[in-house]
$ cat run_27.csv   # CSV, C-alpha atoms and all ligand atoms
chain,number,residue,atom,x,y,z
Z,62,MET,CA,5.8,0.4,7.4
Z,63,ARG,CA,5.3,4.1,6.8
Z,64,SER,CA,1.7,5.2,6.2
Z,65,PRO,CA,0.7,5.8,2.6
Z,66,ARG,CA,0.5,9.5,3.3
Z,67,ALA,CA,4.1,9.7,4.6
Z,68,PHE,CA,5.6,7.4,2.1
Z,69,PHE,CA,6.8,10.1,-0.3
Z,70,ARG,CA,8.0,12.6,2.3
Z,71,PRO,CA,11.8,13.1,2.5
Z,72,LEU,CA,13.3,11.3,5.5
Z,73,ALA,CA,15.5,14.3,6.5
Z,74,VAL,CA,14.9,18.0,6.5
Z,75,GLY,CA,16.4,19.4,3.3
Z,76,ALA,CA,16.7,16.1,1.6
Z,77,PRO,CA,15.4,15.8,-2.0
Z,78,VAL,CA,11.7,14.8,-2.5
Z,79,PRO,CA,11.4,11.1,-3.7
Z,80,ASN,CA,10.1,10.4,-7.2
Z,81,VAL,CA,6.8,8.7,-7.4
Z,82,ASP,CA,7.8,6.7,-10.4
Z,83,ILE,CA,11.2,5.1,-11.0
Z,84,PRO,CA,12.3,6.5,-14.4
Z,85,PHE,CA,13.1,3.8,-16.9
Z,86,LYS,CA,16.5,4.2,-18.4
Z,87,PRO,CA,18.3,1.7,-20.7
Z,88,SER,CA,19.8,-0.7,-18.3
Z,89,ARG,CA,20.9,-3.7,-20.3
Z,90,MET,CA,24.2,-4.2,-18.5
Z,91,ILE,CA,25.6,-3.1,-15.2
Z,92,HIS,CA,29.3,-3.2,-15.9
Z,93,PHE,CA,31.4,-3.9,-12.8
Z,94,PHE,CA,34.9,-2.6,-12.4
Z,95,ASP,CA,37.3,-2.5,-9.4
Z,96,PRO,CA,38.3,1.2,-8.9
Z,97,SER,CA,41.4,0.1,-7.1
Z,98,ASN,CA,42.6,-1.9,-10.1
Z,99,GLU,CA,44.6,0.6,-12.2
Z,100,LYS,CA,44.4,-1.4,-15.4
Z,101,MET,CA,40.6,-1.7,-15.2
Z,102,ALA,CA,40.2,1.9,-14.1
Z,103,ALA,CA,42.2,3.1,-17.1
Z,104,LYS,CA,39.6,1.4,-19.4
Z,105,VAL,CA,36.6,3.0,-17.7
Z,106,PRO,CA,36.3,6.2,-19.9
Z,107,ASP,CA,36.1,4.0,-23.1
Z,108,ILE,CA,33.9,1.3,-21.5
Z,109,ALA,CA,31.5,4.1,-20.3
Z,110,LYS,CA,30.7,4.8,-24.0
Z,111,LYS,CA,29.6,1.2,-24.6
Z,112,VAL,CA,27.6,0.4,-21.5
Z,113,ASP,CA,24.3,1.6,-20.1
Z,114,ILE,CA,25.5,1.4,-16.5
Z,115,LEU,CA,29.0,1.7,-15.0
Z,116,LEU,CA,29.4,0.3,-11.5
Z,117,GLY,CA,32.4,1.0,-9.3
Z,118,ASN,CA,32.5,-2.1,-7.1
Z,119,LEU,CA,33.6,-1.7,-3.5
Z,120,GLU,CA,32.4,-5.1,-2.1
Z,121,ASP,CA,33.3,-8.7,-2.9
Z,122,ALA,CA,36.1,-9.1,-5.5
Z,123,VAL,CA,37.9,-6.1,-4.0
Z,124,LYS,CA,40.8,-7.2,-1.7
Z,125,THR,CA,40.5,-6.2,1.9
Z,126,ASP,CA,43.7,-4.1,1.8
Z,127,LYS,CA,42.3,-2.3,-1.2
Z,128,LYS,CA,38.9,-1.2,0.2
Z,129,GLU,CA,39.9,2.4,0.9
Z,130,ALA,CA,41.8,2.6,-2.4
Z,131,ALA,CA,38.7,1.4,-4.3
Z,132,ARG,CA,36.5,4.0,-2.5
Z,133,GLN,CA,38.9,6.8,-3.3
Z,134,GLY,CA,39.5,5.5,-6.8
Z,135,LEU,CA,35.8,5.8,-7.5
Z,136,VAL,CA,35.7,9.3,-6.2
Z,137,ASP,CA,38.6,10.3,-8.4
Z,138,ILE,CA,37.1,8.6,-11.5
Z,139,ALA,CA,33.7,10.2,-11.0
Z,140,LYS,CA,35.2,13.7,-10.5
Z,141,ALA,CA,37.5,13.4,-13.5
Z,142,ASN,CA,34.9,12.2,-16.0
Z,143,ASP,CA,31.5,13.2,-17.4
Z,144,PHE,CA,29.8,9.9,-18.4
Z,145,GLY,CA,26.9,11.7,-20.2
Z,146,ASP,CA,23.9,9.4,-20.5
Z,147,THR,CA,25.7,6.4,-18.9
Z,148,GLN,CA,24.5,5.9,-15.4
Z,149,LEU,CA,27.1,5.7,-12.6
Z,150,TRP,CA,26.4,3.3,-9.8
Z,151,THR,CA,28.4,1.9,-7.0
Z,152,ARG,CA,28.1,-1.3,-4.9
Z,153,VAL,CA,29.0,-0.5,-1.3
Z,154,ASN,CA,30.2,-3.0,1.2
Z,155,SER,CA,27.6,-5.0,3.2
Z,156,LEU,CA,25.8,-3.3,6.0
Z,157,ASP,CA,27.6,-5.4,8.7
Z,158,SER,CA,31.0,-4.6,7.3
Z,159,PRO,CA,33.5,-2.2,8.8
Z,160,TRP,CA,33.6,-0.2,5.5
Z,161,VAL,CA,30.0,0.6,4.6
Z,162,LEU,CA,29.6,3.7,6.8
Z,163,ASP,CA,32.6,5.4,5.3
Z,164,ASP,CA,31.5,4.2,1.8
Z,165,LEU,CA,28.2,5.9,2.1
Z,166,ILE,CA,29.5,9.1,3.9
Z,167,THR,CA,32.4,9.6,1.4
Z,168,LEU,CA,30.5,8.8,-1.8
Z,169,VAL,CA,27.4,10.9,-1.1
Z,170,SER,CA,29.5,13.8,0.2
Z,171,GLU,CA,32.1,13.8,-2.6
Z,172,ILE,CA,30.2,12.5,-5.7
Z,173,GLY,CA,26.6,12.4,-4.7
Z,174,ASP,CA,25.6,14.6,-7.6
Z,175,LYS,CA,27.1,12.1,-10.0
Z,176,LEU,CA,25.8,8.8,-8.5
Z,177,ASP,CA,22.5,7.5,-9.8
Z,178,VAL,CA,22.1,4.4,-7.8
Z,179,ILE,CA,23.7,2.7,-4.8
Z,180,MET,CA,23.7,-1.1,-4.9
Z,181,VAL,CA,23.3,-2.7,-1.4
Z,182,PRO,CA,24.5,-6.3,-1.1
Z,183,LYS,CA,23.1,-9.1,1.1
Z,184,VAL,CA,19.8,-7.3,1.8
Z,185,GLU,CA,17.8,-9.5,4.1
Z,186,GLY,CA,14.6,-7.5,4.7
Z,187,PRO,CA,13.0,-4.1,4.6
Z,188,GLN,CA,14.9,-3.0,7.7
Z,189,ASP,CA,18.1,-2.9,5.7
Z,190,ILE,CA,16.6,-0.6,3.2
Z,191,HIS,CA,15.0,1.6,5.9
Z,192,TYR,CA,18.5,2.0,7.5
Z,193,VAL,CA,20.1,3.0,4.2
Z,194,ASP,CA,17.1,5.2,3.2
Z,195,ARG,CA,17.3,7.4,6.3
Z,196,LEU,CA,21.1,7.7,6.3
Z,197,LEU,CA,21.1,8.6,2.6
Z,198,ALA,CA,18.5,11.3,3.3
Z,199,GLN,CA,20.6,12.8,6.0
Z,200,LEU,CA,23.7,12.7,3.8
Z,201,GLU,CA,21.9,14.1,0.8
Z,202,ALA,CA,20.6,17.0,2.9
Z,203,ARG,CA,24.1,17.8,4.3
Z,204,ALA,CA,25.6,17.7,0.8
Z,205,GLY,CA,22.8,19.9,-0.6
Z,206,LEU,CA,21.8,17.4,-3.3
Z,207,GLU,CA,18.7,18.2,-5.3
Z,208,ARG,CA,18.2,14.8,-6.8
Z,209,GLN,CA,17.6,11.6,-4.8
Z,210,ILE,CA,20.1,8.8,-5.1
Z,211,LEU,CA,18.2,5.5,-5.7
Z,212,VAL,CA,18.9,2.2,-4.0
Z,213,HIS,CA,19.2,-1.3,-5.7
Z,214,ALA,CA,19.2,-4.4,-3.5
Z,215,ILE,CA,21.0,-7.7,-4.2
Z,216,LEU,CA,18.9,-10.8,-3.5
Z,217,GLU,CA,21.5,-13.1,-2.2
Z,218,THR,CA,20.4,-14.7,1.1
Z,219,ALA,CA,17.6,-17.1,1.8
Z,220,GLU,CA,16.1,-14.5,4.2
Z,221,GLY,CA,16.2,-11.9,1.4
Z,222,VAL,CA,14.3,-14.2,-0.9
Z,223,ALA,CA,11.7,-14.9,1.8
Z,224,ASN,CA,11.3,-11.1,2.2
Z,225,VAL,CA,11.6,-10.0,-1.4
Z,226,GLU,CA,8.2,-8.4,-1.7
Z,227,GLU,CA,8.8,-6.3,1.4
Z,228,ILE,CA,12.2,-5.3,0.2
Z,229,ALA,CA,10.9,-4.2,-3.2
Z,230,ALA,CA,8.2,-2.1,-1.4
Z,231,ALA,CA,10.4,-0.7,1.4
Z,232,SER,CA,11.1,2.8,0.0
Z,233,PRO,CA,10.3,5.1,-2.9
Z,234,ARG,CA,14.1,5.1,-3.3
Z,235,MET,CA,14.1,1.4,-4.5
Z,236,GLN,CA,15.2,1.3,-8.1
Z,237,GLY,CA,15.5,-2.4,-8.6
Z,238,ILE,CA,16.8,-5.8,-7.5
Z,239,SER,CA,19.5,-8.1,-8.8
Z,240,LEU,CA,19.9,-11.8,-8.3
Z,241,GLY,CA,23.2,-12.7,-6.6
Z,242,PRO,CA,23.4,-16.4,-7.4
Z,243,ALA,CA,26.8,-17.0,-5.7
Z,244,ASP,CA,26.0,-15.7,-2.3
Z,245,LEU,CA,22.5,-17.1,-2.5
Z,246,ALA,CA,23.8,-20.6,-3.3
Z,247,ALA,CA,26.0,-20.4,-0.2
Z,248,SER,CA,23.3,-19.0,2.0
Z,249,ARG,CA,20.9,-21.8,0.9
Z,250,ARG,CA,23.6,-24.5,1.2
Z,251,MET,CA,23.0,-25.3,-2.5
Z,252,LYS,CA,25.7,-27.8,-3.7
Z,253,THR,CA,26.9,-25.7,-6.7
Z,254,ALA,CA,30.1,-23.8,-6.6
Z,255,ARG,CA,29.5,-21.9,-9.8
Z,256,VAL,CA,28.8,-18.1,-10.0
Z,257,GLY,CA,25.4,-18.3,-11.7
Z,258,GLY,CA,24.3,-20.5,-14.7
Z,259,GLY,CA,23.2,-24.1,-14.7
Z,260,HIS,CA,24.6,-27.3,-13.3
Z,261,PRO,CA,24.8,-30.6,-15.2
Z,262,GLY,CA,23.5,-32.5,-12.2
Z,263,TYR,CA,20.3,-30.6,-11.9
Z,264,LEU,CA,18.2,-32.4,-14.5
Z,265,VAL,CA,15.2,-34.5,-15.4
Z,266,ARG,CA,15.6,-37.7,-17.3
Z,267,GLN,CA,13.3,-39.2,-19.9
Z,268,ASP,CA,11.3,-42.3,-18.9
Z,269,PRO,CA,12.9,-45.6,-19.8
Z,270,THR,CA,11.6,-47.1,-23.0
Z,271,GLY,CA,12.4,-50.7,-22.1
Z,272,ASP,CA,14.1,-52.8,-19.3
Z,273,ASP,CA,17.5,-51.0,-19.7
Z,274,LEU,CA,17.5,-48.1,-17.4
Z,275,THR,CA,20.8,-46.7,-18.7
Z,276,GLU,CA,20.3,-46.6,-22.5
Z,277,GLY,CA,18.6,-44.1,-24.8
Z,278,ARG,CA,17.1,-41.8,-22.1
Z,279,ALA,CA,17.5,-38.1,-23.0
Z,280,ILE,CA,18.4,-35.8,-20.1
Z,281,TYR,CA,17.2,-32.2,-19.8
Z,282,GLN,CA,19.2,-29.8,-17.7
Z,283,GLN,CA,17.0,-27.6,-15.5
Z,284,ASP,CA,17.3,-24.0,-14.5
Z,285,LEU,CA,18.5,-23.6,-10.9
Z,286,TRP,CA,17.4,-20.0,-10.8
Z,287,HIS,CA,14.0,-20.1,-12.3
Z,288,TYR,CA,12.0,-19.9,-9.1
Z,289,THR,CA,14.1,-17.0,-7.6
Z,290,ILE,CA,14.1,-15.0,-10.8
Z,291,ALA,CA,10.4,-15.4,-11.3
Z,292,ARG,CA,9.7,-14.4,-7.7
Z,293,MET,CA,12.0,-11.4,-7.9
Z,294,VAL,CA,10.4,-10.3,-11.2
Z,295,ASP,CA,6.9,-10.4,-9.7
Z,296,ALA,CA,8.1,-8.4,-6.6
Z,297,CYS,CA,9.7,-5.8,-8.8
Z,298,ALA,CA,6.8,-5.5,-11.3
Z,299,MET,CA,4.2,-5.1,-8.5
Z,300,ASN,CA,6.2,-2.2,-7.1
Z,301,GLY,CA,7.2,-0.5,-10.4
Z,302,ILE,CA,10.9,-1.2,-10.0
Z,303,LEU,CA,13.4,-3.1,-12.3
Z,304,PRO,CA,14.6,-6.7,-12.0
Z,305,PHE,CA,18.1,-7.8,-13.1
Z,306,TYR,CA,20.0,-11.0,-13.4
Z,307,GLY,CA,23.4,-10.8,-11.7
Z,308,PRO,CA,26.7,-12.3,-12.5
Z,309,PHE,CA,27.7,-15.1,-14.8
Z,310,GLY,CA,31.2,-16.2,-13.6
Z,311,ASP,CA,32.3,-18.5,-16.4
Z,312,ILE,CA,33.7,-15.7,-18.5
Z,313,LYS,CA,35.0,-17.9,-21.3
Z,314,ASP,CA,31.6,-19.7,-21.8
Z,315,VAL,CA,30.0,-16.9,-23.8
Z,316,VAL,CA,27.4,-19.2,-25.1
Z,317,ALA,CA,26.0,-20.3,-21.7
Z,318,CYS,CA,26.2,-16.7,-20.6
Z,319,GLU,CA,24.0,-15.6,-23.4
Z,320,ASP,CA,21.5,-18.4,-22.6
Z,321,GLN,CA,21.4,-17.4,-18.9
Z,322,PHE,CA,20.9,-13.7,-19.8
Z,323,ARG,CA,18.2,-14.6,-22.3
Z,324,ASN,CA,16.3,-16.7,-19.8
Z,325,ALA,CA,16.3,-13.7,-17.5
Z,326,PHE,CA,15.2,-11.4,-20.4
Z,327,LEU,CA,12.3,-13.6,-21.3
Z,328,LEU,CA,11.2,-13.8,-17.7
Z,329,GLY,CA,11.1,-10.0,-17.4
Z,330,CYS,CA,14.6,-8.8,-16.3
Z,331,VAL,CA,15.8,-5.6,-18.0
Z,332,GLY,CA,19.5,-6.4,-17.8
Z,333,ALA,CA,22.4,-8.3,-16.2
Z,334,TRP,CA,25.8,-7.7,-14.8
Z,335,SER,CA,28.9,-7.7,-17.0
Z,336,LEU,CA,32.0,-8.7,-15.1
Z,337,HIS,CA,34.4,-8.7,-18.1
Z,338,PRO,CA,34.4,-6.6,-21.3
Z,339,VAL,CA,33.4,-9.7,-23.3
Z,340,GLN,CA,30.0,-9.8,-21.6
Z,341,ILE,CA,29.0,-6.3,-22.6
Z,342,ASP,CA,28.0,-7.1,-26.1
Z,343,ILE,CA,26.2,-10.3,-25.0
Z,344,ALA,CA,24.0,-8.3,-22.6
Z,345,LYS,CA,23.5,-5.6,-25.3
Z,346,LYS,CA,22.3,-8.2,-27.8
Z,347,VAL,CA,20.1,-10.2,-25.4
Z,348,PHE,CA,18.4,-7.3,-23.6
Z,349,SER,CA,17.6,-5.4,-26.8
Z,350,PRO,CA,14.5,-6.9,-28.5
Z,351,SER,CA,15.3,-8.3,-32.0
Z,352,PRO,CA,14.3,-6.2,-35.0
Z,353,GLU,CA,11.9,-9.1,-36.0
Z,354,ASP,CA,10.1,-8.9,-32.6
Z,355,VAL,CA,9.8,-5.2,-32.9
Z,356,ALA,CA,8.4,-5.3,-36.4
Z,357,HIS,CA,5.9,-7.9,-35.3
Z,358,ALA,CA,5.0,-5.8,-32.3
Z,359,LYS,CA,4.4,-2.8,-34.5
Z,360,ARG,CA,2.1,-4.9,-36.8
Z,361,VAL,CA,0.0,-6.2,-33.9
Z,362,VAL,CA,-0.3,-2.8,-32.2
Z,363,GLU,CA,-1.3,-1.1,-35.4
Z,364,ALA,CA,-3.8,-3.9,-36.3
Z,365,MET,CA,-5.4,-3.8,-32.8
Z,366,GLY,CA,-6.2,-0.1,-33.0
Z,367,ASP,CA,-7.8,0.8,-29.6
Z,368,GLY,CA,-6.8,-2.7,-28.3
Z,369,SER,CA,-10.3,-4.2,-28.2
Z,370,GLY,CA,-11.6,-7.1,-30.2
Z,371,ALA,CA,-9.5,-9.9,-31.8
Z,372,VAL,CA,-7.6,-10.2,-35.1
Z,373,MET,CA,-5.7,-12.9,-37.0
Z,374,ILE,CA,-2.1,-12.1,-37.9
Z,375,ASP,CA,0.0,-14.9,-39.6
Z,376,GLY,CA,-2.5,-17.5,-38.4
Z,377,LYS,CA,-2.4,-16.4,-34.8
Z,378,MET,CA,-5.1,-14.8,-32.7
Z,379,GLU,CA,-4.2,-11.4,-31.2
Z,380,ASP,CA,-6.3,-9.6,-28.6
Z,381,ASP,CA,-6.1,-7.1,-25.8
Z,382,ALA,CA,-3.7,-9.2,-23.8
Z,383,SER,CA,-1.3,-10.0,-26.6
Z,384,CYS,CA,-1.5,-6.4,-27.7
Z,385,LYS,CA,-0.3,-5.4,-24.2
Z,386,GLN,CA,2.6,-7.9,-24.5
Z,387,ASN,CA,3.6,-6.2,-27.8
Z,388,ILE,CA,3.3,-2.8,-26.3
Z,389,VAL,CA,5.9,-3.9,-23.6
Z,390,MET,CA,8.2,-4.9,-26.4
Z,391,LEU,CA,7.7,-1.7,-28.4
Z,392,ASP,CA,8.1,0.6,-25.4
Z,393,LEU,CA,11.4,-1.0,-24.6
Z,394,ALA,CA,12.5,-0.7,-28.2
Z,395,LYS,CA,11.6,3.0,-28.3
Z,396,ALA,CA,13.5,3.6,-25.0
Z,397,LEU,CA,16.6,1.9,-26.3
Z,398,ALA,CA,16.4,3.5,-29.7
Z,399,GLU,CA,16.5,7.0,-28.2
Z,400,ARG,CA,19.9,6.2,-26.8
Z,401,ASP,CA,21.2,4.0,-29.6
Z,402,PRO,CA,21.1,5.2,-33.2
Z,403,GLU,CA,22.0,1.8,-34.6
Z,404,LEU,CA,19.0,0.2,-32.9
Z,405,ALA,CA,16.8,3.1,-34.0
Z,406,ALA,CA,17.7,2.3,-37.6
Z,407,ALA,CA,17.3,-1.5,-37.1
Z,408,TYR,CA,13.9,-1.0,-35.5
Z,409,ASP,CA,12.9,1.6,-38.1
Z,410,LEU,CA,11.6,3.9,-35.3
N,1,LIG,C1,37.3,-11.9,-13.9
N,1,LIG,C2,38.5,-11.0,-14.0
N,1,LIG,C3,39.3,-11.2,-12.7
N,1,LIG,C4,39.3,-11.3,-15.2
N,1,LIG,O1,40.4,-10.4,-15.3
N,1,LIG,P1,41.7,-10.7,-16.2
N,1,LIG,O2,42.3,-12.0,-15.7
N,1,LIG,O3,42.5,-9.5,-16.1
N,1,LIG,O4,41.0,-11.0,-17.6
N,1,LIG,P2,41.6,-10.6,-19.0
N,1,LIG,O5,43.1,-10.8,-19.1
N,1,LIG,O6,40.8,-11.4,-20.0
N,1,LIG,O7,41.3,-9.1,-19.2
N,1,LIG,C5,41.6,-8.4,-20.4
N,1,LIG,C6,41.7,-7.0,-20.2
N,1,LIG,O8,40.4,-6.4,-19.8
N,1,LIG,C7,40.6,-5.8,-18.5
N,1,LIG,N1,39.4,-6.1,-17.7
N,1,LIG,C8,39.0,-7.3,-17.2
N,1,LIG,N2,37.8,-7.2,-16.6
N,1,LIG,C9,37.5,-5.9,-16.7
N,1,LIG,C10,36.3,-5.1,-16.2
N,1,LIG,N3,35.4,-5.7,-15.5
N,1,LIG,N4,36.3,-3.8,-16.5
N,1,LIG,C11,37.3,-3.2,-17.2
N,1,LIG,N5,38.4,-3.8,-17.7
N,1,LIG,C12,38.5,-5.2,-17.4
N,1,LIG,C13,41.8,-6.4,-17.8
N,1,LIG,O9,42.4,-5.6,-16.9
N,1,LIG,C14,42.7,-6.6,-19.1
N,1,LIG,O10,43.3,-5.4,-19.4
N,1,LIG,P3,44.7,-5.4,-20.2
N,1,LIG,O11,45.7,-6.3,-19.5
N,1,LIG,O12,45.2,-3.9,-20.1
N,1,LIG,O13,44.4,-5.8,-21.6
N,1,LIG,C15,38.1,-9.5,-14.1
N,1,LIG,O14,37.3,-9.4,-15.3
N,1,LIG,C16,37.3,-9.0,-12.9
N,1,LIG,O15,37.8,-8.8,-11.9
N,1,LIG,N6,36.0,-8.7,-13.2
N,1,LIG,C17,35.1,-8.1,-12.2
N,1,LIG,C18,34.8,-9.1,-11.1
N,1,LIG,C19,33.8,-8.6,-10.2
N,1,LIG,O16,33.4,-7.5,-10.2
N,1,LIG,N7,33.2,-9.5,-9.4
N,1,LIG,C20,32.2,-9.1,-8.4
N,1,LIG,C21,30.8,-9.2,-9.0
N,1,LIG,S1,30.2,-10.9,-9.0
N,1,LIG,C22,29.7,-11.1,-7.3
N,1,LIG,O17,30.0,-10.2,-6.5
N,1,LIG,C23,28.9,-12.2,-6.9
N,1,LIG,C24,27.5,-11.8,-6.5
N,1,LIG,O18,27.5,-10.8,-5.5
N,1,LIG,C25,26.8,-13.0,-6.1
N,1,LIG,O19,26.7,-13.3,-4.8
N,1,LIG,O20,26.3,-13.8,-6.9
N,2,MG,MG,27.4,-11.5,-3.6

$ encode --input "run_27.csv" --output "structure tokens"
Amino acid sequence: MRSPRAFFRPLAVGAPVPNVDIPFKPSRMIHFFDPSNEKMAAKVPDIAKKVDILLGNLEDAVKTDKKEAARQGLVDIAKANDFGDTQLWTRVNSLDSPWVLDDLITLVSEIGDKLDVIMVPKVEGPQDIHYVDRLLAQLEARAGLERQILVHAILETAEGVANVEEIAAASPRMQGISLGPADLAASRRMKTARVGGGHPGYLVRQDPTGDDLTEGRAIYQQDLWHYTIARMVDACAMNGILPFYGPFGDIKDVVACEDQFRNAFLLGCVGAWSLHPVQIDIAKKVFSPSPEDVAHAKRVVEAMGDGSGAVMIDGKMEDDASCKQNIVMLDLAKALAERDPELAAAYDL
């Protein structure tokens, strides 16, 4: 670990100075596209207007013989477009792959001024972040960048989960962490072959009411990802960085996708990945607080004044702690409303 005094020093001469705080920007969906896929790439300028984050994916889901084309495709798209407020991210190949070095060198040199965040897959511990951190500092210095590119880790190995707190604290460059349920399931040897979401076999069953063990017993499906998401959220919150749910692979099951996203939202995540255009609006809906919750939050915060004491609102006790919960809701609503006039009107902010 670096000493507290050295933590915010640039890691290369001439590299940008790290931010002390990670700026919160609307981040309800990280929209994945394959820059080597011409049909998808053609949709990017329009999709950029609808999403908070656009991510050019270079890793899994890009065919091996398209890796270079995907990298170059992202460079071309970034150079040809101004995405305005929409953040531009990339997911580079894993650190043990033959492509990642060229991914980082090319992207930082060619479009470093346009890239907000680099997502690093299969992060196993702080050593992976330290490697990327130093290399990015050198590349930023060489490219003459004035703003630091941030790093986002995917939590998708058992070792990564065991080290999540150290990963979150590894560098001032850390912007956030996403759950990668597919690789994580494989790494843990879980017996689900789904990309995120629940499994009908992971359940608890109501006690029997008589001698018949098979009749009349309700079953309740459980959440396979609860433990990992909760742990990831704590690691992120204690380090001032942002937690995200990752992919939901059953594209046609828009109902279960919404449920999975909402579980993550309620637990503290700020957004999720959208793999297909149909998931963009789901994420937008789920990760924007409802107008009713915002109206309630305003009432509580106004009634609580300086936050001390206790009041009754609609039969419920509100105090300092519940006031803080409502401030979280209100702050998110304000940040989203600044970017989204429809939400600003719905929230009356
Ligand atoms: C999942 C898909 C392969 C589906 O694509 P397709 O079969 O083409 O679907 P549709 O026919 O319904 O598509 C309709 C049109 O929309 C375009 N499209 C599809 N997806 C996107 C997109 N993400 N961005 C932009 N445009 C998109 C299609 O080209 C169609 O266009 P047209 O024919 O002109 O009407 C596909 O959606 C896809 O590949 N999505 C991304 C997958 C991906 O990125 N996977 C990696 C992330 S998940 C992961 O890595 C696991 C994680 O790491 C973990 O471990 O958990
Ligand atoms: Mg993965």

$ residues_near_ligand --input "run_27.csv" --ligand "ligand LIG 1 (chain N)" --cutoff "7 Å" --atoms "all atoms listed in the file" --output "list in words"
His92, Phe93, Phe94, Asp95, Lys100, Met101, Ala102, Lys104, Val105, Asn118, Asp121, Ala122, Pro182, Glu217, Leu240, Gly241, Pro242, Ala243, Asp244, Leu245, Val256, Gly257, Gly307, Pro308, Ile312, Ser335, Leu336, His337 and Pro338 of chain Z

$ atom_distance --input "run_27.csv" --atom1 "CA of Met293 in chain Z" --atom2 "CA of Phe68 in chain Z"
22.2 Å

$ closest_residue --input "run_27.csv" --among "Z:Pro350, Z:Gly329, Z:Pro96, Z:Gly310" --to "ligand MG 2 (chain N)" --atoms "only C-alpha atoms and all ligand atoms"
Z:Gly310

$ closest_residue --input "run_27.csv" --among "Z:Thr151, Z:Asp311, Z:Val339, Z:Val169" --to "Ala254 in chain Z" --atoms "all atoms listed in the file"
Z:Asp311

$ residues_around --input "run_27.csv" --residues "Arg195 in chain Z" --least-positions-apart "4" --cutoff "7 Å" --atoms "only C-alpha atoms" --output "ChimeraX atom specification"
/Z:72,191,199

$ write_last_selection --input "run_27.csv" --atoms "C-alpha atoms" --output "PDB file, in the frame of the given file"
ATOM      1  CA  LEU Z  72      13.300  11.300   5.500  1.00  0.00           C
ATOM      2  CA  HIS Z 191      15.000   1.600   5.900  1.00  0.00           C
ATOM      3  CA  GLN Z 199      20.600  12.800   6.000  1.00  0.00           C
TER       4      GLN Z 199
END

$ residues_around --input "run_27.csv" --residues "range 133-147 of chain Z" --least-positions-apart "6" --cutoff "9 Å" --atoms "all atoms listed in the file" --output "list in words"
Pro87, Asp95, Pro96, Ser97, Asn98, Glu99, Ala102, Val105, Pro106, Ala109, Lys110, Lys111, Val112, Asp113, Ile114, Leu115, Gly117, Asn118, Leu119, Thr167, Leu168, Glu171, Ile172, Lys175, Leu176 and Arg400 of chain Z

$ residues_around --input "run_27.csv" --residues "Asp194 in chain Z" --least-positions-apart "3" --cutoff "9 Å" --atoms "only C-alpha atoms" --output "MDAnalysis selection string"
chainID Z and resid 72 189:191 197:199 211:212 232 234

$ residues_around --input "run_27.csv" --residues "Ala317 in chain Z" --least-positions-apart "3" --cutoff "12 Å" --atoms "all atoms listed in the file" --output "list in words"
Gly257, Gly258, Gly259, His260, Asp284, Phe309, Gly310, Asp311, Ile312, Lys313, Asp314, Asp320, Gln321, Phe322, Arg323, Asn324, Gln340 and Ile343 of chain Z

$ residues_around --input "run_27.csv" --residues "range 347-349 of chain Z" --least-positions-apart "4" --cutoff "10 Å" --atoms "only C-alpha atoms" --output "PyMOL selection string"
chain Z and resi 87-90+319-327+329-333+342-343+355+390+393-394+397-398+404

$ residues_near_point --input "run_27.csv" --point "(-8.1, -3.5, -28.2)" --cutoff "10 Å" --atoms "all atoms listed in the file" --output "PDB file with C-alpha atoms, in the frame of the given file"
ATOM      1  CA  VAL Z 362      -0.300  -2.800 -32.200  1.00  0.00           C
ATOM      2  CA  ALA Z 364      -3.800  -3.900 -36.300  1.00  0.00           C
ATOM      3  CA  MET Z 365      -5.400  -3.800 -32.800  1.00  0.00           C
ATOM      4  CA  GLY Z 366      -6.200  -0.100 -33.000  1.00  0.00           C
ATOM      5  CA  ASP Z 367      -7.800   0.800 -29.600  1.00  0.00           C
ATOM      6  CA  GLY Z 368      -6.800  -2.700 -28.300  1.00  0.00           C
ATOM      7  CA  SER Z 369     -10.300  -4.200 -28.200  1.00  0.00           C
ATOM      8  CA  GLY Z 370     -11.600  -7.100 -30.200  1.00  0.00           C
ATOM      9  CA  ALA Z 371      -9.500  -9.900 -31.800  1.00  0.00           C
ATOM     10  CA  VAL Z 372      -7.600 -10.200 -35.100  1.00  0.00           C
ATOM     11  CA  GLU Z 379      -4.200 -11.400 -31.200  1.00  0.00           C
ATOM     12  CA  ASP Z 380      -6.300  -9.600 -28.600  1.00  0.00           C
ATOM     13  CA  ASP Z 381      -6.100  -7.100 -25.800  1.00  0.00           C
ATOM     14  CA  ALA Z 382      -3.700  -9.200 -23.800  1.00  0.00           C
ATOM     15  CA  SER Z 383      -1.300 -10.000 -26.600  1.00  0.00           C
ATOM     16  CA  CYS Z 384      -1.500  -6.400 -27.700  1.00  0.00           C
ATOM     17  CA  LYS Z 385      -0.300  -5.400 -24.200  1.00  0.00           C
TER      18      LYS Z 385
END

$ closest_residue --input "run_27.csv" --among "Z:Thr253, Z:Asn224, Z:Thr218, Z:Thr270" --to "ligand MG 2 (chain N)" --atoms "all atoms listed in the file"
Z:Thr218

$ closest_residue --input "run_27.csv" --among "Z:Met251, Z:Ala67, Z:Ala214, Z:Ala103" --to "ligand MG 2 (chain N)" --atoms "only C-alpha atoms and all ligand atoms"
Z:Ala214

$ closest_residue --input "run_27.csv" --among "Z:Glu185, Z:Asp177, Z:Arg360, Z:Arg249" --to "Ile388 in chain Z" --atoms "only C-alpha atoms"
Z:Arg360

$ atom_distance --input "run_27.csv" --atom1 "CA of Val316 in chain Z" --atom2 "CA of Gln236 in chain Z"
29.3 Å

$ closest_residue --input "run_27.csv" --among "Z:Ala247, Z:Asp157, Z:Lys124, Z:Cys318" --to "Ala344 in chain Z" --atoms "all atoms listed in the file"
Z:Cys318
